[in-house]
>>> print(open('entry.pdb').read())   # PDB, C-alpha atoms
ATOM      1  CA  MET A   3      26.858  11.382   5.399
ATOM      2  CA  SER A   4      23.518  12.251   3.787
ATOM      3  CA  PHE A   5      20.481  12.801   5.996
ATOM      4  CA  PRO A   6      16.941  12.666   4.607
ATOM      5  CA  THR A   7      14.460  15.520   5.011
ATOM      6  CA  ARG A   8      10.684  15.780   4.951
ATOM      7  CA  ASN A   9      10.942  16.709   1.267
ATOM      8  CA  ASP A  10      12.621  13.351   0.648
ATOM      9  CA  VAL A  11       9.662  11.622   2.312
ATOM     10  CA  LEU A  12       7.263  13.566   0.069
ATOM     11  CA  ALA A  13       9.317  12.585  -2.999
ATOM     12  CA  ALA A  14       9.355   8.945  -1.892
ATOM     13  CA  ALA A  15       5.563   8.975  -1.602
ATOM     14  CA  GLU A  16       5.292  10.056  -5.243
ATOM     15  CA  ARG A  17       7.921   7.540  -6.357
ATOM     16  CA  ILE A  18       6.306   4.484  -4.737
ATOM     17  CA  ARG A  19       2.697   5.462  -5.404
ATOM     18  CA  GLY A  20       0.771   2.433  -6.620
ATOM     19  CA  LEU A  21       3.503   0.011  -5.491
ATOM     20  CA  VAL A  22       2.541  -0.076  -1.810
ATOM     21  CA  VAL A  23      -0.816  -0.400  -0.096
ATOM     22  CA  GLU A  24      -2.274   2.551   1.780
ATOM     23  CA  THR A  25      -2.861   0.720   5.047
ATOM     24  CA  PRO A  26      -5.894   1.546   7.208
ATOM     25  CA  LEU A  27      -5.933   3.653  10.365
ATOM     26  CA  LYS A  28      -8.312   1.924  12.778
ATOM     27  CA  PRO A  29      -9.795   3.364  15.984
ATOM     28  CA  LEU A  30      -9.524   1.421  19.230
ATOM     29  CA  ASP A  31     -11.302   2.516  22.413
ATOM     30  CA  LEU A  32      -9.359   1.772  25.586
ATOM     31  CA  PRO A  33     -10.324   2.566  29.195
ATOM     32  CA  ARG A  34      -7.986   5.588  29.097
ATOM     33  CA  GLY A  35      -9.336   6.890  25.797
ATOM     34  CA  ARG A  36      -9.459   6.368  22.046
ATOM     35  CA  ILE A  37      -6.284   5.598  20.113
ATOM     36  CA  TRP A  38      -5.629   5.006  16.424
ATOM     37  CA  LEU A  39      -3.760   2.020  15.006
ATOM     38  CA  LYS A  40      -1.786   2.398  11.768
ATOM     39  CA  CYS A  41      -2.029  -1.144  10.400
ATOM     40  CA  GLU A  42       1.238  -1.729   8.552
ATOM     41  CA  SER A  43       0.703  -5.390   9.391
ATOM     42  CA  LEU A  44      -1.687  -5.287   6.408
ATOM     43  CA  GLN A  45       0.985  -3.975   4.006
ATOM     44  CA  THR A  46       2.084  -6.179   1.097
ATOM     45  CA  GLY A  47       4.669  -8.556   2.557
ATOM     46  CA  GLY A  48       3.104  -8.201   5.997
ATOM     47  CA  ALA A  49       5.151  -5.204   7.181
ATOM     48  CA  PHE A  50       6.083  -1.585   6.447
ATOM     49  CA  LYS A  51       9.435  -2.609   4.964
ATOM     50  CA  LEU A  52       8.198  -2.668   1.350
ATOM     51  CA  ARG A  53       8.009   1.141   1.478
ATOM     52  CA  GLY A  54      11.713   1.773   2.033
ATOM     53  CA  ALA A  55      12.857  -1.146  -0.114
ATOM     54  CA  THR A  56      10.783   0.023  -3.071
ATOM     55  CA  ASN A  57      12.011   3.603  -2.750
ATOM     56  CA  ARG A  58      15.653   2.486  -2.577
ATOM     57  CA  LEU A  59      15.499   0.017  -5.479
ATOM     58  CA  LEU A  60      13.666   2.443  -7.761
ATOM     59  CA  LYS A  61      16.667   4.783  -7.466
ATOM     60  CA  LEU A  62      19.153   2.195  -8.755
ATOM     61  CA  SER A  63      20.659   2.711 -12.207
ATOM     62  CA  GLU A  64      20.082   0.112 -14.935
ATOM     63  CA  GLU A  65      23.623  -1.179 -14.404
ATOM     64  CA  GLU A  66      23.075  -1.450 -10.639
ATOM     65  CA  ARG A  67      19.808  -3.308 -11.206
ATOM     66  CA  ARG A  68      21.573  -5.800 -13.466
ATOM     67  CA  ARG A  69      24.213  -6.517 -10.827
ATOM     68  CA  GLY A  70      21.624  -7.112  -8.130
ATOM     69  CA  VAL A  71      21.213  -6.255  -4.454
ATOM     70  CA  VAL A  72      22.235  -7.742  -1.109
ATOM     71  CA  ALA A  73      20.319  -7.174   2.131
ATOM     72  CA  PHE A  74      20.483  -8.502   5.683
ATOM     73  CA  SER A  75      17.392  -9.038   7.813
ATOM     74  CA  SER A  76      15.614 -11.343  10.237
ATOM     75  CA  GLY A  77      12.651 -11.346   7.894
ATOM     76  CA  ASN A  78      10.526  -8.262   7.253
ATOM     77  CA  HIS A  79      13.156  -6.200   5.410
ATOM     78  CA  ALA A  80      14.149  -9.438   3.664
ATOM     79  CA  GLN A  81      10.634  -9.832   2.293
ATOM     80  CA  GLY A  82      10.333  -6.157   1.417
ATOM     81  CA  VAL A  83      13.538  -6.250  -0.627
ATOM     82  CA  ALA A  84      12.617  -9.608  -2.198
ATOM     83  CA  ILE A  85       9.196  -8.332  -3.322
ATOM     84  CA  ALA A  86      10.552  -5.039  -4.668
ATOM     85  CA  ALA A  87      13.419  -6.815  -6.447
ATOM     86  CA  GLU A  88      11.089  -9.401  -8.008
ATOM     87  CA  ARG A  89       8.822  -6.665  -9.348
ATOM     88  CA  LEU A  90      11.755  -4.779 -10.877
ATOM     89  CA  GLY A  91      13.567  -7.846 -12.215
ATOM     90  CA  ILE A  92      16.563  -7.386  -9.878
ATOM     91  CA  PRO A  93      18.520 -10.392  -8.495
ATOM     92  CA  ALA A  94      18.448 -10.357  -4.686
ATOM     93  CA  VAL A  95      20.525 -12.105  -2.019
ATOM     94  CA  ILE A  96      19.342 -11.895   1.597
ATOM     95  CA  VAL A  97      21.498 -12.677   4.638
ATOM     96  CA  MET A  98      19.165 -14.071   7.317
ATOM     97  CA  PRO A  99      19.761 -15.515  10.806
ATOM     98  CA  ALA A 100      19.523 -19.283  10.968
ATOM     99  CA  ASP A 101      16.842 -18.923  13.668
ATOM    100  CA  ALA A 102      14.632 -16.578  11.630
ATOM    101  CA  PRO A 103      10.938 -17.538  11.754
ATOM    102  CA  ALA A 104      10.121 -20.118   9.080
ATOM    103  CA  LEU A 105       7.228 -17.974   7.848
ATOM    104  CA  LYS A 106       9.623 -15.113   7.058
ATOM    105  CA  VAL A 107      12.178 -17.396   5.410
ATOM    106  CA  GLU A 108       9.509 -18.983   3.219
ATOM    107  CA  GLY A 109       8.018 -15.597   2.380
ATOM    108  CA  THR A 110      11.413 -14.280   1.284
ATOM    109  CA  ARG A 111      12.262 -17.348  -0.782
ATOM    110  CA  SER A 112       8.831 -17.327  -2.471
ATOM    111  CA  HIS A 113       9.750 -14.057  -4.193
ATOM    112  CA  GLY A 114      12.846 -15.503  -5.807
ATOM    113  CA  ALA A 115      15.520 -14.237  -3.425
ATOM    114  CA  GLU A 116      18.612 -16.293  -2.644
ATOM    115  CA  ILE A 117      19.069 -16.755   1.121
ATOM    116  CA  VAL A 118      22.391 -17.016   2.956
ATOM    117  CA  PHE A 119      22.037 -18.017   6.613
ATOM    118  CA  TYR A 120      24.275 -16.903   9.495
ATOM    119  CA  ASP A 121      24.551 -17.540  13.242
ATOM    120  CA  ARG A 122      23.086 -14.536  15.075
ATOM    121  CA  ALA A 123      25.190 -15.281  18.180
ATOM    122  CA  THR A 124      28.626 -15.702  16.583
ATOM    123  CA  GLU A 125      28.635 -14.062  13.129
ATOM    124  CA  ASP A 126      28.372 -10.475  11.866
ATOM    125  CA  ARG A 127      25.538 -10.136   9.347
ATOM    126  CA  VAL A 128      26.771  -6.777   8.096
ATOM    127  CA  ALA A 129      30.257  -8.143   7.366
ATOM    128  CA  ILE A 130      28.786 -11.146   5.551
ATOM    129  CA  ALA A 131      26.474  -8.956   3.463
ATOM    130  CA  ARG A 132      29.246  -6.484   2.600
ATOM    131  CA  ALA A 133      31.534  -9.322   1.479
ATOM    132  CA  LEU A 134      28.784 -10.783  -0.724
ATOM    133  CA  ALA A 135      28.019  -7.391  -2.251
ATOM    134  CA  GLU A 136      31.687  -6.762  -3.020
ATOM    135  CA  GLU A 137      32.158 -10.250  -4.440
ATOM    136  CA  ARG A 138      29.164  -9.908  -6.778
ATOM    137  CA  GLY A 139      29.399  -6.207  -7.567
ATOM    138  CA  ALA A 140      25.928  -5.831  -6.048
ATOM    139  CA  THR A 141      24.390  -2.905  -4.144
ATOM    140  CA  LEU A 142      24.045  -3.284  -0.374
ATOM    141  CA  VAL A 143      20.544  -2.333   0.814
ATOM    142  CA  PRO A 144      20.586  -1.830   4.616
ATOM    143  CA  SER A 145      17.398  -2.187   6.606
ATOM    144  CA  PHE A 146      17.593   1.280   8.208
ATOM    145  CA  ASP A 147      21.032   2.883   7.771
ATOM    146  CA  ASP A 148      20.173   4.530   4.441
ATOM    147  CA  PRO A 149      18.484   7.885   3.696
ATOM    148  CA  ASP A 150      16.292   6.447   0.922
ATOM    149  CA  ILE A 151      15.110   3.622   3.181
ATOM    150  CA  VAL A 152      14.220   6.093   5.945
ATOM    151  CA  ALA A 153      12.408   8.372   3.490
ATOM    152  CA  GLY A 154      10.404   5.443   2.147
ATOM    153  CA  GLN A 155       9.361   4.292   5.611
ATOM    154  CA  GLY A 156       8.243   7.838   6.387
ATOM    155  CA  THR A 157       5.462   7.542   3.811
ATOM    156  CA  ALA A 158       3.472   5.633   6.458
ATOM    157  CA  GLY A 159       3.552   8.857   8.483
ATOM    158  CA  LEU A 160       2.219  10.935   5.601
ATOM    159  CA  GLU A 161      -0.666   8.502   5.268
ATOM    160  CA  LEU A 162      -1.651   8.578   8.921
ATOM    161  CA  LEU A 163      -1.616  12.388   8.867
ATOM    162  CA  ARG A 164      -4.205  12.299   6.053
ATOM    163  CA  GLN A 165      -6.246   9.541   7.664
ATOM    164  CA  CYS A 166      -6.522  10.787  11.249
ATOM    165  CA  PRO A 167      -9.792  12.743  11.787
ATOM    166  CA  GLY A 168      -8.026  15.321  13.990
ATOM    167  CA  SER A 169      -4.461  16.484  14.350
ATOM    168  CA  VAL A 170      -1.867  13.824  15.154
ATOM    169  CA  GLN A 171      -0.373  14.710  18.528
ATOM    170  CA  GLN A 172       1.821  11.693  19.251
ATOM    171  CA  VAL A 173       2.954   8.568  17.430
ATOM    172  CA  LEU A 174       4.297   5.429  19.093
ATOM    173  CA  VAL A 175       6.512   3.379  16.795
ATOM    174  CA  PRO A 176       8.048  -0.106  17.180
ATOM    175  CA  THR A 177      11.791   0.484  16.958
ATOM    176  CA  GLY A 178      14.653  -1.799  15.968
ATOM    177  CA  GLY A 179      17.153   0.177  13.942
ATOM    178  CA  GLY A 180      14.841   3.164  13.910
ATOM    179  CA  GLY A 181      14.142   3.521  10.187
ATOM    180  CA  LEU A 182      10.373   3.623  10.600
ATOM    181  CA  ALA A 183      10.505   5.873  13.663
ATOM    182  CA  ALA A 184      12.914   8.298  11.971
ATOM    183  CA  GLY A 185      10.848   8.391   8.792
ATOM    184  CA  ILE A 186       7.650   9.061  10.729
ATOM    185  CA  ALA A 187       9.446  11.723  12.776
ATOM    186  CA  LEU A 188      10.250  13.519   9.506
ATOM    187  CA  ALA A 189       6.733  13.087   8.116
ATOM    188  CA  CYS A 190       4.847  13.986  11.302
ATOM    189  CA  SER A 191       6.951  16.999  12.154
ATOM    190  CA  GLU A 192       4.512  18.424  14.726
ATOM    191  CA  ALA A 193       3.863  15.200  16.665
ATOM    192  CA  SER A 194       5.676  13.777  19.674
ATOM    193  CA  ILE A 195       7.519  10.555  18.779
ATOM    194  CA  PHE A 196       7.882   7.571  21.115
ATOM    195  CA  CYS A 197      10.277   4.764  20.168
ATOM    196  CA  VAL A 198       9.076   1.492  21.688
ATOM    197  CA  GLU A 199      11.434  -1.465  22.132
ATOM    198  CA  PRO A 200      11.563  -4.810  23.980
ATOM    199  CA  GLU A 201      13.191  -4.753  27.409
ATOM    200  CA  GLY A 202      16.905  -5.443  27.087
ATOM    201  CA  TRP A 203      16.870  -4.401  23.424
ATOM    202  CA  ASP A 204      16.117  -0.760  24.175
ATOM    203  CA  ASP A 205      19.336   0.659  22.716
ATOM    204  CA  MET A 206      17.540   3.475  20.900
ATOM    205  CA  GLY A 207      15.882   4.580  24.117
ATOM    206  CA  ARG A 208      19.182   4.472  26.022
ATOM    207  CA  SER A 209      20.937   6.258  23.154
ATOM    208  CA  LEU A 210      18.361   9.048  23.133
ATOM    209  CA  GLU A 211      18.656   9.407  26.898
ATOM    210  CA  SER A 212      22.463   9.559  26.889
ATOM    211  CA  GLY A 213      22.778  11.711  23.773
ATOM    212  CA  GLU A 214      25.053   9.252  21.968
ATOM    213  CA  ILE A 215      24.687   5.858  20.315
ATOM    214  CA  VAL A 216      25.021   2.908  22.702
ATOM    215  CA  PRO A 217      24.712  -0.719  21.562
ATOM    216  CA  VAL A 218      22.547  -3.471  22.958
ATOM    217  CA  ASN A 219      24.195  -5.169  25.937
ATOM    218  CA  ALA A 220      25.927  -8.460  25.192
ATOM    219  CA  ASP A 221      23.658 -10.266  27.678
ATOM    220  CA  ALA A 222      20.391  -9.059  26.108
ATOM    221  CA  PRO A 223      17.589 -11.510  26.949
ATOM    222  CA  PRO A 224      15.695 -13.686  24.478
ATOM    223  CA  THR A 225      12.632 -11.969  23.013
ATOM    224  CA  LEU A 226       9.673 -12.852  20.823
ATOM    225  CA  CYS A 227      10.323  -9.557  19.014
ATOM    226  CA  ASP A 228      12.730 -10.967  16.412
ATOM    227  CA  ALA A 229      12.054  -7.994  14.129
ATOM    228  CA  LEU A 230      13.459  -5.606  16.760
ATOM    229  CA  GLN A 231      16.699  -7.415  17.610
ATOM    230  CA  THR A 232      19.005  -4.776  16.154
ATOM    231  CA  PRO A 233      22.341  -4.686  18.012
ATOM    232  CA  LYS A 234      23.082  -1.018  17.261
ATOM    233  CA  VAL A 235      21.182   1.902  15.719
ATOM    234  CA  SER A 236      22.646   4.114  13.000
ATOM    235  CA  PRO A 237      23.842   7.746  12.989
ATOM    236  CA  ILE A 238      21.089   8.585  10.484
ATOM    237  CA  THR A 239      18.173   7.279  12.532
ATOM    238  CA  PHE A 240      19.598   8.336  15.899
ATOM    239  CA  SER A 241      20.358  11.878  14.724
ATOM    240  CA  ILE A 242      16.863  12.404  13.311
ATOM    241  CA  LEU A 243      15.143  11.082  16.419
ATOM    242  CA  HIS A 244      17.460  12.878  18.834
ATOM    243  CA  ALA A 245      16.916  16.181  17.018
ATOM    244  CA  ARG A 246      13.153  15.662  17.246
ATOM    245  CA  GLY A 247      13.284  15.001  20.995
ATOM    246  CA  ALA A 248      11.960  11.455  20.662
ATOM    247  CA  THR A 249      11.410   9.440  23.838
ATOM    248  CA  GLY A 250      12.232   5.770  24.407
ATOM    249  CA  ILE A 251       9.872   3.264  26.056
ATOM    250  CA  SER A 252      10.523  -0.418  26.739
ATOM    251  CA  VAL A 253       7.950  -3.166  27.223
ATOM    252  CA  ASN A 254       8.265  -6.693  28.570
ATOM    253  CA  GLU A 255       7.203  -9.962  26.963
ATOM    254  CA  ASP A 256       3.928 -10.252  28.882
ATOM    255  CA  GLU A 257       2.914  -6.712  27.901
ATOM    256  CA  THR A 258       3.726  -7.494  24.281
ATOM    257  CA  LYS A 259       1.705 -10.711  24.328
ATOM    258  CA  ALA A 260      -1.261  -8.828  25.772
ATOM    259  CA  ALA A 261      -1.112  -6.433  22.812
ATOM    260  CA  VAL A 262      -0.923  -9.263  20.266
ATOM    261  CA  ARG A 263      -3.946 -10.839  21.968
ATOM    262  CA  LEU A 264      -5.990  -7.634  22.115
ATOM    263  CA  ALA A 265      -5.328  -6.738  18.468
ATOM    264  CA  TYR A 266      -6.692 -10.106  17.419
ATOM    265  CA  GLU A 267      -9.631 -10.319  19.819
ATOM    266  CA  ASN A 268     -10.853  -6.731  19.352
ATOM    267  CA  LEU A 269      -9.998  -6.037  15.713
ATOM    268  CA  GLY A 270      -9.232  -9.404  14.121
ATOM    269  CA  LEU A 271      -5.678  -8.247  13.332
ATOM    270  CA  VAL A 272      -2.783 -10.713  13.287
ATOM    271  CA  VAL A 273       0.248  -8.816  14.595
ATOM    272  CA  GLU A 274       3.702 -10.183  15.346
ATOM    273  CA  ALA A 275       5.280  -9.462  18.725
ATOM    274  CA  GLY A 276       7.697  -6.862  17.387
ATOM    275  CA  GLY A 277       4.869  -5.173  15.547
ATOM    276  CA  ALA A 278       2.715  -4.931  18.680
ATOM    277  CA  VAL A 279       5.070  -3.176  21.108
ATOM    278  CA  ALA A 280       3.692   0.335  20.483
ATOM    279  CA  LEU A 281       0.200  -0.849  21.371
ATOM    280  CA  ALA A 282       1.710  -2.722  24.335
ATOM    281  CA  ALA A 283       3.171   0.517  25.710
ATOM    282  CA  LEU A 284      -0.257   2.181  25.662
ATOM    283  CA  LEU A 285      -2.032  -0.829  27.183
ATOM    284  CA  ALA A 286       0.549  -0.937  29.977
ATOM    285  CA  GLY A 287       0.110   2.758  30.755
ATOM    286  CA  LYS A 288       3.693   3.609  29.792
ATOM    287  CA  ALA A 289       2.653   6.499  27.531
ATOM    288  CA  PRO A 290      -0.135   9.062  27.817
ATOM    289  CA  ILE A 291      -3.304   8.766  25.764
ATOM    290  CA  GLY A 292      -4.806  11.972  24.444
ATOM    291  CA  PRO A 293      -6.474  13.206  21.261
ATOM    292  CA  GLY A 294      -4.526  12.220  18.181
ATOM    293  CA  THR A 295      -2.618   9.297  19.728
ATOM    294  CA  VAL A 296      -1.438   6.819  17.071
ATOM    295  CA  ALA A 297       0.297   3.481  17.585
ATOM    296  CA  VAL A 298       1.892   1.776  14.588
ATOM    297  CA  LEU A 299       1.346  -1.965  14.160
ATOM    298  CA  SER A 300       4.487  -2.466  12.111
ATOM    299  CA  GLY A 301       4.258  -6.119  11.090
ATOM    300  CA  GLY A 302       2.107  -9.222  11.050
ATOM    301  CA  ASN A 303       4.525 -11.993  10.084
ATOM    302  CA  ILE A 304       4.121 -14.398  12.978
ATOM    303  CA  ASP A 305       4.160 -18.191  13.024
ATOM    304  CA  PRO A 306       0.494 -19.286  13.160
ATOM    305  CA  GLU A 307       1.136 -21.769  15.970
ATOM    306  CA  LEU A 308       2.919 -19.152  18.087
ATOM    307  CA  HIS A 309       0.106 -16.673  17.440
ATOM    308  CA  SER A 310      -2.485 -19.231  18.532
ATOM    309  CA  GLN A 311      -0.549 -19.888  21.736
ATOM    310  CA  ILE A 312      -0.331 -16.183  22.542
ATOM    311  CA  VAL A 313      -4.010 -15.564  21.818
ATOM    312  CA  ALA A 314      -4.958 -18.570  23.961
ATOM    313  CA  GLY A 315      -2.973 -17.035  26.815
TER
END
>>> encode(input="entry.pdb", output="structure tokens")
Amino acid sequence: MSFPTRNDVLAAAERIRGLVVETPLKPLDLPRGRIWLKCESLQTGGAFKLRGATNRLLKLSEEERRRGVVAFSSGNHAQGVAIAAERLGIPAVIVMPADAPALKVEGTRSHGAEIVFYDRATEDRVAIARALAEERGATLVPSFDDPDIVAGQGTAGLELLRQCPGSVQQVLVPTGGGGLAAGIALACSEASIFCVEPEGWDDMGRSLESGEIVPVNADAPPTLCDALQTPKVSPITFSILHARGATGISVNEDETKAAVRLAYENLGLVVEAGGAVALAALLAGKAPIGPGTVAVLSGGNIDPELHSQIVAG
């Protein structure tokens, strides 16, 4: 198994230059101190996922590009792959849960991707995607279990290092499969890394604590954080984060809603629930705030009606 390094993140940054937006790092003053928000919610496609997808697809051979790609995602990786594939003229098939937010489904379809739906409760998205890839001779593009995906996501970390006025001491990252957190851990090699997850879906946190990969419990509760509903993390992401001494934090639905609300009311930022959990952890006092504290807002693809309801309280 191949594991990415910081040099791979640096190479990815050169490879995808000009194909992704350098998202802003915005200050936010809280009662416990100033923090910085890395606004990946403002990335093309509304989430950080375009970084890894672009890096992975650019490394395909001409023959692989002709045969196309298959991905599986609840929405943000789906859109990242669809946008990157459209730009490069690559056919794309995306396996998405039938209950994926309509905004994410429409966003994926608008970039020319074919969508295959599955039942999140009874079907295995990985098995479906693998079968489609084999049937079509296409390349499977996982959302986090891939060294080139992780390296691409890490480019957000390189950016925030350049943008932060002082040294970056700690970074809080929304975590599903851990691709973004692992990439940032490689990029920000001197900073403490906190992986933030919804309560009941905190398998990365429990894996880091136990020293081995443990899946999400079968009775995991419903959550607004659809982007973070990953049933099991990968050896690549877990190994990187475990080696870096990353810490897991979980937040509840009310804490997450409060973060979505504050991001909009204070900064005018539309952030989806899964993209707001790192900010939620700081607002709830679940992580320290000191100089060089950064929280990543990883995505902004939220149904407008749901966002209005959350903001209205």
>>> resolve_selection(input="entry.pdb", expression="the PyMOL selection byres ((chain A and resi 177) around 7)", output="list of chain:residue names")
A:Val175, A:Pro176, A:Gly178, A:Gly179, A:Gly180, A:Ala183, A:Cys197, A:Val198, A:Glu199, A:Leu230
>>> residues_around(input="entry.pdb", residues="Ala297 in chain A", least_positions_apart="5", cutoff="6 Å", atoms="all atoms listed in the file", output="PyMOL selection string")
chain A and resi 39+173-174+280-281
>>> residues_near_point(input="entry.pdb", point="(14.4, -4.9, -4.0)", cutoff="9 Å", atoms="all atoms listed in the file", output="list of chain:residue names")
A:Leu52, A:Ala55, A:Thr56, A:Asn57, A:Arg58, A:Leu59, A:Leu60, A:Gly70, A:Val71, A:Val72, A:Ala73, A:Ala80, A:Gln81, A:Gly82, A:Val83, A:Ala84, A:Ile85, A:Ala86, A:Ala87, A:Glu88, A:Arg89, A:Leu90, A:Gly91, A:Ile92, A:Pro93, A:Ala94, A:Val143
>>> resolve_selection(input="entry.pdb", expression="the PyMOL selection byres ((chain A and resi 249) around 9)", output="short mmCIF file (atom, residue, chain, number, x, y, z; two decimals) with C-alpha atoms, in the coordinates of the input")
data_model
loop_
_atom_site.label_atom_id
_atom_site.label_comp_id
_atom_site.auth_asym_id
_atom_site.auth_seq_id
_atom_site.Cartn_x
_atom_site.Cartn_y
_atom_site.Cartn_z
CA SER A 194 5.68 13.78 19.67
CA ILE A 195 7.52 10.56 18.78
CA PHE A 196 7.88 7.57 21.12
CA CYS A 197 10.28 4.76 20.17
CA VAL A 198 9.08 1.49 21.69
CA GLY A 207 15.88 4.58 24.12
CA LEU A 210 18.36 9.05 23.13
CA GLU A 211 18.66 9.41 26.90
CA LEU A 243 15.14 11.08 16.42
CA HIS A 244 17.46 12.88 18.83
CA GLY A 247 13.28 15.00 21.00
CA ALA A 248 11.96 11.46 20.66
CA GLY A 250 12.23 5.77 24.41
CA ILE A 251 9.87 3.26 26.06
#
>>> atom_distance(input="entry.pdb", atom1="CA of Arg8 in chain A", atom2="CA of Gly47 in chain A")
25.2 Å
>>> closest_residue(input="entry.pdb", among="A:Val218, A:Gly77, A:Ala133, A:Val279", to="Glu108 in chain A", atoms="only C-alpha atoms")
A:Gly77
>>> closest_residue(input="entry.pdb", among="A:Thr25, A:Ser75, A:Ser310, A:Ser169", to="Gly292 in chain A", atoms="all atoms listed in the file")
A:Ser169
>>> resolve_selection(input="entry.pdb", expression="the PyMOL selection byres ((chain A and resi 98) around 8)", output="list in words")
Phe74, Ser75, Ser76, Gly77, Ala80, Ile96, Val97, Pro99, Ala100, Ala102, Val107, Ile117, Val118, Phe119, Tyr120 and Arg127 of chain A
>>> atom_distance(input="entry.pdb", atom1="CA of Gly181 in chain A", atom2="CA of Leu308 in chain A")
26.5 Å
